[in-house]
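Everything below belongs to input.cif, which stores mmCIF, C-alpha atoms.
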```
data_upload
#
loop_
_atom_site.label_atom_id
_atom_site.label_comp_id
_atom_site.auth_asym_id
_atom_site.auth_seq_id
_atom_site.Cartn_x
_atom_site.Cartn_y
_atom_site.Cartn_z
CA MET A 1 101.41 127.01 89.87
CA LEU A 2 99.38 129.02 92.39
CA GLN A 3 99.36 126.85 95.48
CA PHE A 4 97.79 129.38 97.88
CA ALA A 5 95.27 131.55 96.07
CA GLU A 6 94.17 134.79 97.71
CA GLY A 7 92.66 136.24 94.55
CA GLU A 8 89.16 136.67 93.22
CA VAL A 9 88.55 132.96 92.66
CA THR A 10 88.85 132.53 96.42
CA LYS A 11 86.83 135.58 97.46
CA LEU A 12 83.84 135.25 95.10
CA ARG A 13 83.25 132.35 92.76
CA ARG A 14 81.02 129.71 91.31
CA GLU A 15 81.81 126.14 92.20
CA PHE A 16 80.69 122.56 91.90
CA LYS A 17 81.81 119.49 93.81
CA LEU A 18 82.50 115.88 92.92
CA VAL A 19 82.74 112.96 95.32
CA LEU A 20 84.95 110.31 93.70
CA SER A 21 86.52 106.97 94.45
CA ALA A 22 90.30 106.84 94.73
CA ASP A 23 90.62 105.33 91.24
CA GLU A 24 88.31 107.94 89.68
CA ALA A 25 90.34 110.69 91.33
CA LEU A 26 93.61 109.34 89.94
CA VAL A 27 92.23 109.56 86.40
CA LEU A 28 91.00 113.13 86.94
CA CYS A 29 94.27 114.28 88.52
CA ALA A 30 96.28 112.85 85.64
CA ARG A 31 94.22 114.90 83.21
CA LEU A 32 94.54 118.01 85.34
CA SER A 33 98.32 117.59 85.41
CA ILE A 34 98.43 117.30 81.63
CA ALA A 35 96.27 120.43 81.30
CA LEU A 36 98.78 122.32 83.45
CA GLY A 37 101.82 121.21 81.49
CA GLY A 38 102.58 118.01 83.34
CA CYS A 39 102.80 119.64 86.77
CA LEU A 40 102.05 117.61 89.87
CA PRO A 41 101.47 120.03 92.75
CA PRO A 42 102.90 119.08 96.14
CA PRO A 43 100.29 118.17 98.76
CA THR A 44 99.29 120.40 101.64
CA ARG A 45 97.99 119.16 105.00
CA ILE A 46 95.06 121.20 106.24
CA THR A 47 93.40 121.34 109.63
CA SER A 48 90.07 123.15 109.70
CA VAL A 49 87.99 123.94 112.78
CA TYR A 50 84.31 124.82 112.38
CA PHE A 51 82.46 127.03 114.85
CA ASP A 52 78.79 127.33 115.75
CA LYS A 53 76.56 129.12 118.26
CA PRO A 54 74.39 127.67 121.05
CA GLY A 55 71.57 125.64 119.52
CA TYR A 56 73.74 124.85 116.46
CA PRO A 57 72.00 127.23 114.00
CA LEU A 58 74.84 127.04 111.44
CA THR A 59 74.89 123.23 111.58
CA ARG A 60 71.14 122.96 111.14
CA ARG A 61 71.20 125.38 108.24
CA SER A 62 74.05 123.55 106.51
CA LEU A 63 72.14 120.27 106.77
CA SER A 64 68.67 121.52 105.88
CA THR A 65 69.57 124.07 103.16
CA PRO A 66 73.05 123.16 101.87
CA ASN A 67 72.66 125.49 98.91
CA ASP A 68 72.01 128.46 101.22
CA CYS A 69 74.26 128.36 104.28
CA LEU A 70 76.96 130.11 106.27
CA LYS A 71 80.12 128.60 107.74
CA VAL A 72 82.67 130.02 110.16
CA ARG A 73 85.98 128.19 110.36
CA THR A 74 89.73 128.43 110.77
CA LYS A 75 92.29 126.78 108.52
CA GLU A 76 95.92 125.91 109.10
CA TYR A 77 98.24 124.78 106.32
CA SER A 78 101.31 122.58 106.50
CA PRO A 79 103.51 123.78 104.98
CA ASP A 80 102.31 127.37 105.40
CA LEU A 81 104.42 129.11 102.78
CA GLY A 82 103.48 132.63 103.88
CA ALA A 83 103.84 132.26 107.62
CA GLY A 84 107.28 133.81 107.98
CA GLY A 85 107.90 131.84 111.17
CA VAL A 86 104.70 133.00 112.88
CA GLN A 87 102.14 130.44 114.01
CA ARG A 88 98.93 131.66 112.40
CA VAL A 89 95.51 130.63 111.15
CA VAL A 90 93.23 132.00 108.48
CA LEU A 91 89.76 132.81 109.80
CA GLU A 92 86.98 132.50 107.22
CA VAL A 93 83.34 133.35 106.95
CA LYS A 94 82.03 131.40 103.96
CA ARG A 95 78.64 132.18 102.42
CA GLU A 96 77.20 129.69 99.92
CA ARG A 97 74.05 130.40 97.95
CA ASN A 98 72.81 128.71 94.78
CA GLY A 99 76.25 127.73 93.51
CA VAL A 100 77.92 131.06 94.30
CA THR A 101 80.45 131.14 97.13
CA GLN A 102 81.71 134.28 98.84
CA LYS A 103 84.48 134.30 101.45
CA ARG A 104 85.83 136.86 103.84
CA ARG A 105 89.25 135.86 105.14
CA VAL A 106 91.72 137.31 107.60
CA TRP A 107 95.06 135.86 108.70
CA VAL A 108 95.42 135.93 112.48
CA PRO A 109 98.39 135.07 114.72
CA ARG A 110 97.35 132.07 116.82
CA THR A 111 97.88 134.04 120.00
CA GLU A 112 95.17 136.52 118.93
CA LEU A 113 92.55 134.07 117.65
CA GLY A 114 90.40 134.01 120.79
CA GLN A 115 90.23 137.81 120.87
CA VAL A 116 89.27 138.00 117.20
CA LEU A 117 86.44 135.51 117.64
CA LYS A 118 85.07 137.70 120.42
CA GLY A 119 84.79 140.62 118.04
CA GLY A 120 88.33 141.94 118.03
CA THR A 121 88.36 142.74 114.31
CA ARG A 122 86.14 144.76 112.02
CA LEU A 123 87.07 142.64 109.00
CA LEU A 124 84.60 139.88 109.89
CA PRO A 125 81.59 141.62 111.48
CA LEU A 126 79.35 138.59 110.94
CA ILE A 127 81.08 136.73 113.78
CA ALA A 128 81.00 139.52 116.37
CA GLY A 129 79.36 138.79 119.70
CA GLY A 130 81.63 136.22 121.27
CA SER A 131 79.15 133.32 121.31
CA LEU A 132 80.92 131.10 118.78
CA VAL A 133 82.39 127.84 120.05
CA PRO A 134 84.44 125.16 118.21
CA THR A 135 82.30 122.18 117.26
CA LEU A 136 84.31 120.10 114.78
CA ALA A 137 87.84 119.67 113.44
CA VAL A 138 88.50 118.26 109.98
CA THR A 139 91.90 117.14 108.69
CA TYR A 140 92.73 116.31 105.09
CA LYS A 141 95.39 116.31 102.41
CA ARG A 142 94.87 118.75 99.52
CA HIS A 143 96.32 119.08 96.04
CA VAL A 144 95.65 122.36 94.22
CA TYR A 145 95.60 122.58 90.43
CA GLN A 146 95.71 126.18 89.21
CA SER A 147 97.53 128.11 86.51
CA SER A 148 95.48 131.33 86.43
CA GLN A 149 93.01 133.30 88.54
CA ALA A 150 90.12 132.18 86.30
CA TRP A 151 89.70 128.65 87.64
CA ARG A 152 91.06 126.38 90.32
CA VAL A 153 90.58 122.71 91.22
CA THR A 154 91.22 121.33 94.70
CA VAL A 155 91.42 117.60 95.43
CA ASP A 156 90.98 116.53 99.06
CA ARG A 157 91.89 113.05 100.36
CA ASP A 158 92.25 111.31 103.72
CA ILE A 159 89.43 113.29 105.30
CA GLY A 160 89.19 112.78 109.05
CA PHE A 161 86.55 114.18 111.42
CA HIS A 162 87.55 114.97 115.01
CA ALA A 163 85.98 116.24 118.18
CA VAL A 164 87.75 119.41 119.31
CA THR A 165 88.02 121.39 122.53
CA ALA A 166 88.24 125.15 122.94
CA GLU A 167 91.68 124.65 124.51
CA LEU A 168 92.99 123.04 121.32
CA ALA A 169 91.07 125.19 118.86
CA LEU A 170 91.96 128.55 120.44
CA GLY A 171 95.32 127.76 122.03
CA PRO A 172 98.65 129.32 120.99
CA THR A 173 100.01 126.16 119.34
CA THR A 174 99.41 125.06 115.76
CA LEU A 175 96.67 122.46 115.61
CA SER A 176 97.95 119.47 113.68
CA ALA A 177 96.32 116.12 112.98
CA GLU A 178 98.76 114.55 115.43
CA ARG A 179 97.59 116.81 118.27
CA LEU A 180 93.95 115.98 117.50
CA GLY A 181 94.60 112.25 117.61
CA GLU A 182 92.81 109.55 115.65
CA PRO A 183 89.66 110.70 113.82
CA LEU A 184 86.33 109.67 115.28
CA ALA A 185 85.13 109.16 111.71
CA TYR A 186 86.85 108.91 108.36
CA ASP A 187 85.72 109.54 104.78
CA GLY A 188 87.65 107.40 102.33
CA ARG A 189 86.24 109.19 99.30
CA VAL A 190 87.98 111.99 97.40
CA VAL A 191 86.28 115.40 97.33
CA VAL A 192 86.97 117.56 94.28
CA GLU A 193 85.91 121.21 94.06
CA VAL A 194 85.98 123.06 90.75
CA LYS A 195 86.03 126.81 91.44
CA HIS A 196 85.76 129.42 88.72
CA LEU A 197 84.81 133.02 88.00
CA GLY A 198 81.98 132.25 85.62
CA GLU A 199 84.31 132.23 82.64
CA GLU A 200 84.39 129.33 80.22
CA LEU A 201 86.07 126.25 81.64
CA PRO A 202 87.85 123.70 79.47
CA GLU A 203 85.09 121.65 77.87
CA TRP A 204 86.11 118.37 79.50
CA LEU A 205 86.21 120.02 82.94
CA ALA A 206 82.86 121.79 82.56
CA ALA A 207 81.28 118.46 81.53
CA LEU A 208 82.04 117.04 84.98
CA GLN A 209 79.37 119.28 86.49
CA CYS A 210 76.72 116.82 85.30
CA GLY A 211 77.92 114.39 87.99
CA SER A 212 78.53 116.98 90.69
CA ARG A 213 77.36 116.79 94.30
CA PRO A 214 76.48 120.36 95.38
CA ALA A 215 75.17 119.22 98.77
CA TYR A 216 78.48 117.73 100.00
CA SER A 217 79.98 119.67 102.89
CA LYS A 218 82.79 118.61 105.23
CA PHE A 219 81.04 120.57 107.98
CA ALA A 220 77.68 118.87 107.50
CA GLU A 221 79.27 115.45 106.95
CA GLY A 222 81.43 115.78 110.04
CA MET A 223 78.65 117.03 112.31
CA ALA A 224 76.48 114.13 111.15
CA ARG A 225 79.21 111.58 111.86
CA VAL A 226 80.75 113.00 115.04
CA HIS A 227 77.71 114.59 116.67
CA ALA A 228 74.96 112.45 115.07
CA PHE A 229 73.16 115.35 113.41
CA ALA A 230 70.62 114.81 110.64
CA ALA A 231 68.83 117.31 108.44
CA ASP A 232 66.04 117.68 110.97
CA GLY A 233 68.22 117.80 114.10
CA ILE A 234 70.18 115.49 116.39
CA VAL A 235 69.32 111.84 115.85
CA GLY A 236 71.60 110.22 118.39
CA GLY A 237 73.93 110.77 121.28
#
```

Re-express the file's structure as structure tokens.
Amino acid sequence: MLQFAEGEVTKLRREFKLVLSADEALVLCARLSIALGGCLPPPTRITSVYFDKPGYPLTRRSLSTPNDCLKVRTKEYSPDLGAGGVQRVVLEVKRERNGVTQKRRVWVPRTELGQVLKGGTRLLPLIAGGSLVPTLAVTYKRHVYQSSQAWRVTVDRDIGFHAVTAELALGPTTLSAERLGEPLAYDGRVVVEVKHLGEELPEWLAALQCGSRPAYSKFAEGMARVHAFAADGIVGG
């Protein structure tokens, strides 16, 4: 079982998303476990912080053209199996266009995150300039179903949307759900992402794409709920 994939299916892939009820998700997860030899992967707690620039260009783009957008975020995993005792985050630039997702990722010690966001690394040139600010934190529980680099299914539950300050987002201490406090908004649905390299999926899994929801985005959903954004701009306070 590949719990933390850093291979090609993470870097460049095709994907589709499903938004399910809790009961629908249980049925799907049971079938995924059978397909992987009866394995039930342990859950991972994830805290993700999304960043934007003045005027919210990334938010507006994610809402108005969800199939052609760019996201900048950090992720922290609990447990973080590769941390080696160092508090760290993974910084991502995620490009989505017409069902193809490309990611650039770099692991950063928490103490260096602020410097990196100001242009301290050449690995993520798209974020250089120092004008990015944290706009949203999202917490959720994830199960990963994967037995090869060809395809991967993630199942996200208990999705909470939080306001976040620069002090929390860029500080030296791991950002947990407990430190963020109660979510300002909560999504009780289950979000499933099927990620693959364009190779043939199992027939029953490929058939799920007919009911997929390509426009769902935690970033867009959270900005709409926490900051009252709509596709054509801010609609409330």

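Relative to atom CA of A:Val138, atom CA of A:Thr47 is found at 5.8 Å.
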
### Task
Tell me which of A:Leu132, A:Ile46, A:Leu205, A:Cys39 sits closest to A:Val90, counting only C-alpha atoms.
A:Ile46

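For A:Leu136, the set of protein, DNA and RNA residues having any atom at most 7 Å away, when counting all atoms listed in the file and skipping those fewer than 3 positions along the same chain, is Val49, Tyr50, His162, Ala163, Val164 and Met223 of chain A.
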
#### Entry: the PyMOL selection byres ((chain A and resi 71) around 10) resolved against shown file, as a PyMOL selection string
chain A and resi 50-52+58-59+61-62+69-70+72-73+92-96+103+219

### Task
Would you kindly translate the PyMOL selection byres ((chain A and resi 106) around 6) into the concrete residues it picks from this file, as a ChimeraX atom specification?
/A:90-91,105,107

Output the selection as a CSV table (one decimal), keeping the file's coordinate frame - C-alpha atoms for each residue.
```
chain,number,residue,atom,x,y,z
A,90,VAL,CA,93.2,132.0,108.5
A,91,LEU,CA,89.8,132.8,109.8
A,105,ARG,CA,89.2,135.9,105.1
A,107,TRP,CA,95.1,135.9,108.7
```
